[in-house]
Amino acid sequence: MPCVADWLNNPFSIVQGIFAQNVPNSDWEKKVTEYFKEKLKENNATNWVPSLNDVPVHYLKPNSLVKFRCMVQDMFDPEFYMGVYETVDPNTNARVLHFGKYRDVAECGPQQEIDLNSSQTVTSERQTFYCVPVPGESAWVKEAYISASQARVSPSTSYTPSRHKRSYEEDEDMDLHPSKQKEQHMGNSGGDIHGCVEPKRLETEASAGHHLISPNCSPPLDLNFPLPGEKGPACLVKVYESWDSFKVNDVLEVYGILSVDPVLSIVNNEERDSSALDPMECMDTAEEQRVHSPPASLVPRIHVILAQKLQHINPLLPACLNEEESKTFVSNFMSELSPVRAELLGFLTHALLGDSLAAEYLILHLISTVYARRDVLPLGKFTVNLSGCPRNSIFTEHIYRIIQQLVPASYRLQMTIENMNHSRFIPHKDYAANRLVSGVLQLASNTSLVVDETQLEQGQLDTTGVHNVTALGNLITWQKVDYDFNYHQMEFPCNINVLITSEGRSLLPSDCQVHLQPQIIPPNMEEYMNSLLTAVLPSVLNKFRIYLSLLRLLDYSISDEVTKAVEEDFVEMRKNDPESITADDLHRTLLVARFLSLSAGQTTLSRERWLRAKQLEALRKARLQQQKCVNGNEL
Amino acid sequence: MSSPVSTPSRRRGGKRGRGSNPPTPQDARSPPSQKRRTEESTSTGDLQPMPTSPPADLQSPSGPDALFSSPPQFRHAAIPLDFDISSPLTYGTPSSRVEGTPRSGVRGTPVRQRPDLGSARKARQVDLHSDGLAEDVVATEQSLGQKLVIWGTDVNVASCKEKFQKFLQRFIDPLAKEDEDIGLDLNEPRYMQRLEEINMVGEPFLNVNCDHLRSFDENLYRQLICYPQEVIPTFDMAVNEIFFDRYPDSILEHQIQVRPYNALKTRNMRSLNPEDIDQLITISGMVIRSSQLIPEMQEAFFKCQVCAFTTRVEIDRGRIAEPSVCKNCNTTHSMALIHNRSMFSDKQMIKLQESPEDMPAGQTPHTVALFAHNDLVDKVQPGDRVNVTGIYRAVPIRVNPRISNVKSVYKTHIDVIHYRKTDAKRLHGVDEETEQKMFAEERVEMLKELSKKADIYERLSSALAPSIYEHEDIKKGILLQLFGGSRKDFTRTGRGNFRAEINILLCGDPGTSKSQLLQYVYNLVPRGQYTSGKGSSAVGLTAYVMKDPETRQLVLQTGALVLSDNGICCIDEFDKMNESTRSVLHEVMEQQTLSIAKAGIICQLNARTSILAAANPIESQWNPKKTTIENIQLPHTLLSRFDLIFLMLDPRDEAYDRRLARHLVSLYYQSEEKMEEEYMDMAVLRDYIAYARSYVNPRLSEEASQALIEAYVDMRKIGSGRGMVSAYPRQLESLIRLAEAHAKVRFSEKVETIDVEEAKRLHREALKQSATDPRTGIVDISILTTGMSATARKRKEELAQALRKLIQSKGKTPALKYQQLFDDLRAQSDTAVTKEMFEEALRALADDDFLTVTGKTVRLL
């Protein structure tokens with residue numbers, strides 16, 4: 001266990017040291033990043049850095065090194081700051097050079113003044129991102145990151161790393177995700193624990209809401225989370241390097257210096273008071289002020305030293321899959337892939353009331369990802385419409401809960417008239433506050449969006465409702481969301497897995513409709529579904545999670561030989577039944593074949609898989625046909 | 001990291017502050033008051049210090065104590081007592097308001113402050129020799145004996161002025177062809193004519209195109225860009241001298257102000273960086289918000305409470321140096337501010353947002369704050385696209401006046417000097433020449449090279465929507481639509497503009513990637529609009545009048561069709577559009593205009609848009625036994641306005657299936673890079689089209705016209721043999737447009753026979769698909785023009801006659817049972833008679849006043 005190091009608790013002293021050594025030339029900046037890069041490479045060093053995701057801001061020491069796993073929600077304008085400045089002591093005329101990088105406030109001693117006209121001043125530029133925690137991040141992801149973290153915040157603060165202090169959130173996680181110490185008593189009362197989860201969650205959300213509203217700021221500051229009921233700190237991330245490479249909705253992990261200087265909050269009030277005097281400072285409206293420099297206690301600042309885009313947020317997988325060590329991890333996992341797949345299939349079959357075909361399609365859906373775009377056409381999206389769901393919401397809710405347990409990020413969209421008419425789906429630009437107001441469809445890549453259409457009743461959609469449905473349709477068909485910039489729209493590509501549960505055929509477009517055929521009708525749906533999750537060993541559950549995240553990242557190809565075979569097949573099929581086989585069917589079968597191969601860990605298409613894909617499709621279609629007949633007879 | 005070695009702003013003097021020990025303000029300031037005077041008498045003889053001005057540049061006697069709120073480092077000359085017109089130092093001091101002198105001539109016309117230049121800031125001049133800094137300065141003008149430069153710059157006021165005067169007097173624009181040149185004699189010095197205009201109109205602003213200045217004097221241009229704050233006042237002086245020399249009797253509101261624009265450093269907002277601070281820049285963007293008018297104090301008026309002595313204090317960087325001692329009676333703290341005698345100027349804060357075209361994908365747009373002053377206030381409205389020329393500023397933010405800590409961030413803004421709206425033309429449709437996209441030379445070369453390839457037409461059409469398989473002819477049609485025909489103007493002969501745009505309708509089975517094709521086109525063209533027939537109303541397509549909630553003003557909001565002027569409007573689900581919405585398309589598709597008469601606004605807007613529409617058959621699957629009209633249920637009046645109507649059907653053909661399969665499979669494993677190699681880049685295609693659209697304007701050659709005539713005659717002939725018309729003048733126009741577009745594809749200025757051949761082929765192809773009579777298998781244009789094929793019309797006639805005979809044969813019965821009659825007719829006829837046909841026949845007879853149908857009975861008349 002390394003001792004509490006300076007670079008963690010007082011990174012400024014390190015920066016100051018490097019700055020002082022290299023001052024005349026400007027490569028001190030490079031050296032600083034290199035230094036921290038080296039430090040973080042050390043054995044598990046990243047785990048020692050406290051994370052804003054799991055430690056409340058007020059427990060963290062200001063100006064210490066922290067990390068934050070987040071999604072870029074908005075990008076503010078670049079700002080110019082004093083990279084290097086000089087202070088003068090008016091009495092002695094002694095001049096001292098300081099660096100302004102990684103700081104919000106240019107500091108100087110009590111007896112000193114900043115010389116704004118000094119020739120040594122260097123003006124530099126940095127970019128501010130408004131970041132929020134990854135929307136819809138599953139509880140198990142948070143939990144796993146917390147348990148991996150070894151950060152101990154220095155004892156000088158009131159923070160003690162005792163578990164019970166760490167918010168309700170974790171307790172809830174413990175219930176949902178049984179960890180080892182709980183396993184013993186799980187055996188006897190498994191079902192009950194889960195029964196009480198729901199009320200508890202509501203309570204947590206309510207209290208989180210209160211928490212946000214209470215501090216100093218009279219009308220509550222909207223922290224602009226894309227999804228309702230989200231919590232966790234929003235953060236102003238100041239990026240010093242290559243900010244052009246980041247995009248809105250990217251998921252980042254940043255390491256940087258935490259700044260919660262109370263002065264930042266004073267700035268607001270002062271500016272507002274003095275604005276009458278100083279016309280320079282009244283150029284922003286009060287709203288813009290509030291949004292762009294919110295109180296630091298609520299929205300802390302992070303001055304980034306290192307930032308990286310994350311391929312995925314699954315804590316069970318190595319962060320970067322291209323490295324040597326992770327390759328062994330991958331190959332180890334691939335070798336035992338088939339039992340995992342079989343178990344997962346079994347698990348999902350149970351969850352889908354014994355329907356193994358639907359379970360098969362669900363697996364394919366969960367590992368689908370947009371891997372390329374051909375002009376406007378996104379390739380690799382696989383939206384499944386699970387029709388024939390029982391009308392009571394218990395089933396769809398539990399299906400969502402199971403998916404939540406399997407994927408790192410997800411959201412359940414209840415498609416009620418009320419919801420469609422009143423919630424905001426498309427992010428739009430608020431020009432008064434100069435920010436992008438988030439909407440439900442602003443999600444990070446590979447988020448699972450479960451649209452529950454069983455809740456939809458007859459009723460009138462208003463303008464917002466129509467827009468929302470259109471946006472949802474566009475998202476499914478083109479995998480893009482048109483953000484509303486008032487004077488124009490801007491297209492943001494996305495990569496979201498959409499699963500639609502409905503009674504009949506969904507009114508939304510989908511790539512593939514699977515009609516559920518329950519084999520068992522459990523007398524008590526609630527109990528049945530609850531027992532499913534508790535029956536799975538946590539280690540097995542973890543394997544499922546690795547399985548689903550990993551297979552998404554694999555490459556895939558089709559050999560010439562198989563291409564020929566597929567061609568022959570298609571021609572043959574068209575000959576026999578030109579009415580029912582179209583190019584769309586071929587598209588779909590190819591997709592199914594792709595994911596089928598990948599789900600078995602194969603990166604090329606084999607003849608067998610192709611046949612299996614065709615077989616699956618045939619089964620699925622037969623069901624739809626059957627369904628039509630049934631309906632026809634009824635009518 | 002933008003720049004580790006970023007240069008500080010001029011004020012901080014890092015880059016240009018020569019030497020390590022710049023003179024302290026005191027040193028720098030005291031000598032120049034003398035020097036300046038000498039300089040001015042040598043160079044500009046007619047300019048003397050204002051007689052009414054108080055003595056020169058005196059240090060305020062009360063010294064530092066007098067300045068009570070200004071920050072310590074700026075303690076100097078808070079009470080400017082000097083007015084010296086030749087020097088930018090105190091240029092624009094309002095104390096020059098001269099009363100009593102005749103209001104003419106340079107001396108009589110008041111100087112208006114230029115808040116846009118930040119006149120509050122004091123520049124200092126440095127005598128090069130006395131400071132021993134001459135080595136650093138490129139002092140080419142030394143011969144004139146002037147050694148003064150403005151402190152921190154290499155600008156020599158006198159020579160700068162002289163050069164600018166030369167520029168004004170001599171500059172003739174060699175490439176003059178600008179929209180604003182109307183009424184100017186291109187062979188006379190351009191700016192002298194402008195001055196004449198000022199004399200006549202009385203608007204004391206001179207707009208100077210920086211590009212002109214650059215071509216005239218590179219160095220002067222550089223100085224203007226780098227030190228606008230010092231150079232522009234110098235320009236002002238120069239202009240005023242010339243102006244009042246020429247027009248001594250001219251009376252202006254205030255002295256002429258120079259407004260440079262189009263600084264060649266025109267940039268994207270994203271590329272602004274710290275090096276641009278305090279420089280002259282031009283950026284483009286869209287106004288998203290403008291503040292209310294802010295009165296900004298320029299000059300404070302103080303009155304002593306004791307002895308009523310009054311004094312004026314200029315604002316220095318937003319602060320008033322309140323005099324603490326009355327200079328008359330020496331009472332301390334007796335001076336009080338008199339608001340209504342102070343001077344204020346107008347100011348407005350405007351937010352400018354990056355234009356969407358400049359933005360990299362996946363990022364949000366940047367914004368920048370602008371400050372507009374005086375008459376530039378309220379010149380732009382939110383939503384306007386403007387090019388702004390101004391000075392980029394950065395101001396440090398003080399955390400708290402009582403704490404010495406400073407927030408390490410600067411606030412940035414641009415002081416606007418000149419606005420230029422970029423989209424004003426869109427609605428009024430001035431010539432498009434000014435909208436021409438600029439192409440780099442290499443790019444043009446590359447495009448021209450490409451155009452010489454023999455298979456360019458095929459190449460381009462295959463580059464179009466590569467993910468959509470085959471449908472070659474449709475892609476070719478769309479390609480020609482993208483290029484468009486040549487615009488012809490027949491206004492003089494009274495026919496108005498001929499449509500140059502090609503309209504295309506795609507109809508066919510659902511799931512034949514029609515929408516995808518539309519999406520692709522919409523993404524390809526810069527001014528594309530995409531709407532769905534289901535969701536759009538007539539108002540959404542055309543324009544509507546809205547009351548602005550703030551100003552209560554009526555505003556015309558334009559819809560998709562107007563917005564896609566000179567572009568393509570893609571309408572999906574055309575068949576789902578309701579009747580009234582579709583009716584507005586009639587005007588657009590032929591006349592290319594939109595007439596609005598709403599809420600007192602009557603106008604005609606240009607909507608020179610091509611329409612690419614997609615329609616689904618009415619019974620979800622295309623019925624090959626029916627005609628196009630019957631399948632999509634669109635009025636033939638609208639259909640005949642489409643140049644090309646394509647059917648996108650699912651071909652049932654083994655070879656096709658095989659190719660399709662191969663194509664699709666390849667989609668599913670090729671990596672992204674490989675795909676890009678295979679096809680022409682979308683960007684190249686876009687540039688190719690843009691270039692052809694703006695630079696190539698083909699005319700018909702002799703042979704081509706001959707070929708067109710033949711083609712048309714042939715088309716008419718086909719039908720005439722069977723007693724029907726198979727072509728109308730509209731078809732001829734379509735042919736011409738298609739041929740022109742094809743010539744454009746080849747970058748050819750002449751339409752030749754091959755173009756006509758291809759146009760004919762494509763037209764025939766489209767006709768074959770859409771105007772084939774399903775009963776006879778003959779191409780019959782009347783399906784599209786009248787909605788019914790000639791044979792169908794004949795059959796209808798025959799049936800009516802048969803019915804009449806039937807009824808007559810029944811003898812004198814006044815009334816017949818409907819069902820009975822129908823059954824009888826069916827029994828008699830040798831072909832199947834449907835209920836619809838029967839009803840049609842009845843209606844035809846009713847029209848002839850032979851019978852009436854009331855409910856279930858048919859009465860004879």
# chains A, B, ... in the order shown; residues from 1 in each chain; ligands from 1
>>> residues_around(residues="Val141 of chain A", least_positions_apart="6", cutoff="8 Å", atoms="only C-alpha atoms", output="ChimeraX atom specification")
/A:313-315,408
>>> select_by_dssp(residues="segment 199-398 of chain B", states="alpha helix (DSSP H)", output="PyMOL selection string")
chain B and resi 199-201+210-216+218-226+228-246
>>> closest_residue(among="B:Glu458, B:Glu579, B:Glu654, B:Asp823", to="chain A", atoms="only C-alpha atoms")
B:Glu654
>>> residues_around(residues="Glu561 of chain A", least_positions_apart="2", cutoff="12 Å", atoms="only C-alpha atoms", output="PyMOL selection string")
(chain A and resi 557-559+563-568+604-607) or (chain B and resi 662+665)
>>> write_last_selection(atoms="N, CA, C and O atoms", output="compact mmCIF listing (two decimals), in the first residue's frame")
# COMPACT_ATOMS: atom_id res chain seq x y z
N SER A 557 -16.27 -10.88 -40.16
CA SER A 557 -16.09 -10.87 -41.62
C SER A 557 -16.82 -12.05 -42.24
O SER A 557 -17.21 -12.99 -41.55
N ILE A 558 -16.98 -11.97 -43.53
CA ILE A 558 -17.63 -13.07 -44.26
C ILE A 558 -16.70 -13.49 -45.39
O ILE A 558 -16.22 -12.63 -46.14
N SER A 559 -16.44 -14.77 -45.51
CA SER A 559 -15.52 -15.23 -46.57
C SER A 559 -16.25 -15.27 -47.91
O SER A 559 -17.47 -15.28 -47.97
N THR A 563 -20.15 -16.09 -48.98
CA THR A 563 -20.88 -15.09 -49.75
C THR A 563 -21.60 -15.76 -50.91
O THR A 563 -22.78 -15.54 -51.15
N LYS A 564 -20.85 -16.63 -51.59
CA LYS A 564 -21.44 -17.36 -52.73
C LYS A 564 -22.65 -18.15 -52.27
O LYS A 564 -23.71 -18.11 -52.90
N ALA A 565 -22.44 -18.86 -51.18
CA ALA A 565 -23.51 -19.71 -50.68
C ALA A 565 -24.75 -18.89 -50.34
O ALA A 565 -25.87 -19.28 -50.67
N VAL A 566 -24.50 -17.77 -49.71
CA VAL A 566 -25.61 -16.90 -49.32
C VAL A 566 -26.36 -16.44 -50.56
O VAL A 566 -27.59 -16.45 -50.63
N GLU A 567 -25.58 -16.07 -51.56
CA GLU A 567 -26.16 -15.61 -52.83
C GLU A 567 -27.08 -16.67 -53.40
O GLU A 567 -28.23 -16.40 -53.73
N GLU A 568 -26.52 -17.88 -53.50
CA GLU A 568 -27.29 -19.00 -54.04
C GLU A 568 -28.60 -19.16 -53.29
O GLU A 568 -29.68 -19.27 -53.87
N THR A 604 -16.14 -15.11 -38.05
CA THR A 604 -16.49 -15.22 -39.47
C THR A 604 -17.79 -16.01 -39.56
O THR A 604 -18.13 -16.78 -38.66
N LEU A 605 -18.45 -15.78 -40.68
CA LEU A 605 -19.72 -16.48 -40.86
C LEU A 605 -19.44 -17.87 -41.43
O LEU A 605 -18.69 -18.02 -42.38
N SER A 606 -20.04 -18.86 -40.82
CA SER A 606 -19.90 -20.21 -41.38
C SER A 606 -21.23 -20.62 -41.99
O SER A 606 -22.26 -20.00 -41.73
N ARG A 607 -21.18 -21.64 -42.78
CA ARG A 607 -22.37 -22.12 -43.47
C ARG A 607 -23.44 -22.53 -42.46
O ARG A 607 -24.62 -22.24 -42.63
N ARG B 662 -25.12 -10.27 -53.28
CA ARG B 662 -23.69 -10.03 -53.13
C ARG B 662 -23.44 -8.64 -52.54
O ARG B 662 -22.65 -8.45 -51.64
N VAL B 665 -24.39 -8.61 -48.80
CA VAL B 665 -23.44 -9.34 -47.96
C VAL B 665 -22.19 -8.50 -47.75
O VAL B 665 -21.65 -8.41 -46.65
>>> closest_residue(among="B:Ile391, B:Leu860, B:Gln381, B:Gln828", to="Leu842 of chain B", atoms="only C-alpha atoms")
B:Leu860
>>> residues_around(residues="Gln519 of chain A", least_positions_apart="5", cutoff="12 Å", atoms="only C-alpha atoms", output="JSON, numbers by chain")
{"A": [349, 350, 351, 352, 353, 354, 355, 356, 357, 358]}
>>> atom_distance(atom1="atom CA of Arg609 of chain A", atom2="atom CA of Ala593 of chain A")
6.2 Å
>>> atom_distance(atom1="atom CA of Arg420 of chain B", atom2="atom CA of Val386 of chain B")
5.4 Å
>>> closest_residue(among="A:Leu475, A:Val32, A:Leu590, A:Leu596", to="chain B", atoms="only C-alpha atoms")
A:Leu590
>>> closest_residue(among="A:Phe68, A:Phe80, A:Phe382, A:Phe395", to="Val251 of chain A", atoms="only C-alpha atoms")
A:Phe68
>>> residues_around(residues="Ser291 of chain B", least_positions_apart="4", cutoff="7 Å", atoms="only C-alpha atoms", output="PyMOL selection string")
chain B and resi 348-350
>>> write_last_selection(atoms="all heavy atoms", output="PDB file, in the first residue's frame")
ATOM      1  N   GLN B 348     -25.189  47.695 -27.207  1.00  0.00           N
ATOM      2  CA  GLN B 348     -26.032  46.509 -27.238  1.00  0.00           C
ATOM      3  C   GLN B 348     -25.154  45.273 -27.213  1.00  0.00           C
ATOM      4  O   GLN B 348     -24.101  45.242 -27.847  1.00  0.00           O
ATOM      5  CB  GLN B 348     -26.876  46.508 -28.515  1.00  0.00           C
ATOM      6  CG  GLN B 348     -27.899  45.409 -28.566  1.00  0.00           C
ATOM      7  CD  GLN B 348     -28.687  45.440 -29.853  1.00  0.00           C
ATOM      8  OE1 GLN B 348     -28.171  45.811 -30.899  1.00  0.00           O
ATOM      9  NE2 GLN B 348     -29.937  45.049 -29.781  1.00  0.00           N
ATOM     10  N   MET B 349     -25.595  44.288 -26.472  1.00  0.00           N
ATOM     11  CA  MET B 349     -24.851  43.034 -26.436  1.00  0.00           C
ATOM     12  C   MET B 349     -25.557  42.048 -27.348  1.00  0.00           C
ATOM     13  O   MET B 349     -26.773  41.916 -27.314  1.00  0.00           O
ATOM     14  CB  MET B 349     -24.820  42.506 -25.011  1.00  0.00           C
ATOM     15  CG  MET B 349     -23.741  41.502 -24.754  1.00  0.00           C
ATOM     16  SD  MET B 349     -24.196  39.846 -25.165  1.00  0.00           S
ATOM     17  CE  MET B 349     -25.352  39.515 -23.877  1.00  0.00           C
ATOM     18  N   ILE B 350     -24.783  41.386 -28.166  1.00  0.00           N
ATOM     19  CA  ILE B 350     -25.354  40.450 -29.129  1.00  0.00           C
ATOM     20  C   ILE B 350     -24.595  39.144 -29.014  1.00  0.00           C
ATOM     21  O   ILE B 350     -23.373  39.140 -28.830  1.00  0.00           O
ATOM     22  CB  ILE B 350     -25.225  41.013 -30.555  1.00  0.00           C
ATOM     23  CG1 ILE B 350     -26.139  42.214 -30.715  1.00  0.00           C
ATOM     24  CG2 ILE B 350     -25.570  39.969 -31.601  1.00  0.00           C
ATOM     25  CD1 ILE B 350     -25.710  43.153 -31.777  1.00  0.00           C
TER      26      ILE B 350
END
>>> closest_residue(among="A:Ala342, A:Val248, A:Ile426, A:Val481", to="chain B", atoms="only C-alpha atoms")
A:Val248
>>> closest_residue(among="B:Tyr712, B:Phe483, B:Phe371, B:Phe642", to="chain A", atoms="only C-alpha atoms")
B:Phe371
>>> select_by_dssp(residues="segment 337-478 of chain A", states="strand (DSSP E or B)", output="MDAnalysis selection string")
chainID A and resid 372:374 377:379 384:387 409:414 428:430 435:437 447:452
>>> residues_around(residues="Leu447 of chain B", least_positions_apart="3", cutoff="10 Å", atoms="only C-alpha atoms", output="VMD selection string")
chain B and resid 441 to 444 450 to 452 684 to 685 687 to 689 691 to 692 747
>>> residues_around(residues="Arg401 of chain A", least_positions_apart="3", cutoff="10 Å", atoms="only C-alpha atoms", output="ChimeraX atom specification")
/A:138,176,395-398,404-406,410-412,529-530,533
>>> atom_distance(atom1="atom CA of Arg716 of chain B", atom2="atom CA of Tyr728 of chain B")
7.8 Å
>>> decode(residues="segment 540-547 of chain A", atoms="all heavy atoms", output="short mmCIF file (atom, residue, chain, number, x, y, z; two decimals), in the first residue's frame")
data_model
loop_
_atom_site.label_atom_id
_atom_site.label_comp_id
_atom_site.auth_asym_id
_atom_site.auth_seq_id
_atom_site.Cartn_x
_atom_site.Cartn_y
_atom_site.Cartn_z
N VAL A 540 -21.94 -15.94 -11.90
CA VAL A 540 -22.52 -16.25 -13.22
C VAL A 540 -23.05 -14.96 -13.85
O VAL A 540 -22.83 -14.69 -15.03
CB VAL A 540 -23.64 -17.29 -13.07
CG1 VAL A 540 -24.30 -17.54 -14.42
CG2 VAL A 540 -23.09 -18.57 -12.50
N LEU A 541 -23.71 -14.17 -13.03
CA LEU A 541 -24.25 -12.90 -13.51
C LEU A 541 -23.12 -12.05 -14.08
O LEU A 541 -23.26 -11.44 -15.15
CB LEU A 541 -24.93 -12.18 -12.34
CG LEU A 541 -26.02 -11.17 -12.67
CD1 LEU A 541 -27.06 -11.77 -13.58
CD2 LEU A 541 -26.65 -10.66 -11.40
N ASN A 542 -22.00 -12.05 -13.39
CA ASN A 542 -20.86 -11.29 -13.87
C ASN A 542 -20.39 -11.80 -15.22
O ASN A 542 -19.99 -11.02 -16.09
CB ASN A 542 -19.71 -11.35 -12.88
CG ASN A 542 -19.89 -10.32 -11.79
OD1 ASN A 542 -20.71 -9.41 -11.93
ND2 ASN A 542 -19.13 -10.45 -10.72
N LYS A 543 -20.44 -13.10 -15.39
CA LYS A 543 -20.03 -13.67 -16.68
C LYS A 543 -20.96 -13.20 -17.79
O LYS A 543 -20.54 -12.90 -18.89
CB LYS A 543 -20.01 -15.19 -16.61
CG LYS A 543 -18.74 -15.68 -15.97
CD LYS A 543 -18.53 -17.15 -16.22
CE LYS A 543 -17.23 -17.56 -15.57
NZ LYS A 543 -17.29 -18.92 -15.03
N PHE A 544 -22.25 -13.18 -17.48
CA PHE A 544 -23.21 -12.69 -18.47
C PHE A 544 -22.83 -11.26 -18.89
O PHE A 544 -22.87 -10.91 -20.06
CB PHE A 544 -24.63 -12.65 -17.89
CG PHE A 544 -25.23 -14.00 -17.61
CD1 PHE A 544 -26.38 -14.11 -16.85
CD2 PHE A 544 -24.65 -15.16 -18.11
CE1 PHE A 544 -26.94 -15.35 -16.59
CE2 PHE A 544 -25.19 -16.40 -17.86
CZ PHE A 544 -26.35 -16.50 -17.08
N ARG A 545 -22.50 -10.48 -17.89
CA ARG A 545 -22.21 -9.06 -18.16
C ARG A 545 -20.98 -8.93 -19.05
O ARG A 545 -20.97 -8.13 -19.99
CB ARG A 545 -21.97 -8.32 -16.85
CG ARG A 545 -23.23 -8.19 -16.03
CD ARG A 545 -22.92 -7.84 -14.60
NE ARG A 545 -24.16 -7.75 -13.85
CZ ARG A 545 -24.23 -7.72 -12.52
NH1 ARG A 545 -23.11 -7.76 -11.80
NH2 ARG A 545 -25.38 -7.64 -11.91
N ILE A 546 -19.96 -9.71 -18.71
CA ILE A 546 -18.75 -9.65 -19.54
C ILE A 546 -19.08 -10.10 -20.95
O ILE A 546 -18.69 -9.47 -21.94
CB ILE A 546 -17.64 -10.53 -18.94
CG1 ILE A 546 -17.28 -10.04 -17.54
CG2 ILE A 546 -16.41 -10.54 -19.83
CD1 ILE A 546 -16.30 -10.91 -16.83
N TYR A 547 -19.84 -11.18 -21.02
CA TYR A 547 -20.21 -11.76 -22.31
C TYR A 547 -20.85 -10.70 -23.21
O TYR A 547 -20.42 -10.48 -24.34
CB TYR A 547 -21.17 -12.91 -22.05
CG TYR A 547 -21.76 -13.56 -23.27
CD1 TYR A 547 -21.08 -14.56 -23.96
CD2 TYR A 547 -23.03 -13.18 -23.73
CE1 TYR A 547 -21.63 -15.15 -25.07
CE2 TYR A 547 -23.58 -13.78 -24.85
CZ TYR A 547 -22.88 -14.75 -25.52
OH TYR A 547 -23.43 -15.34 -26.63
#
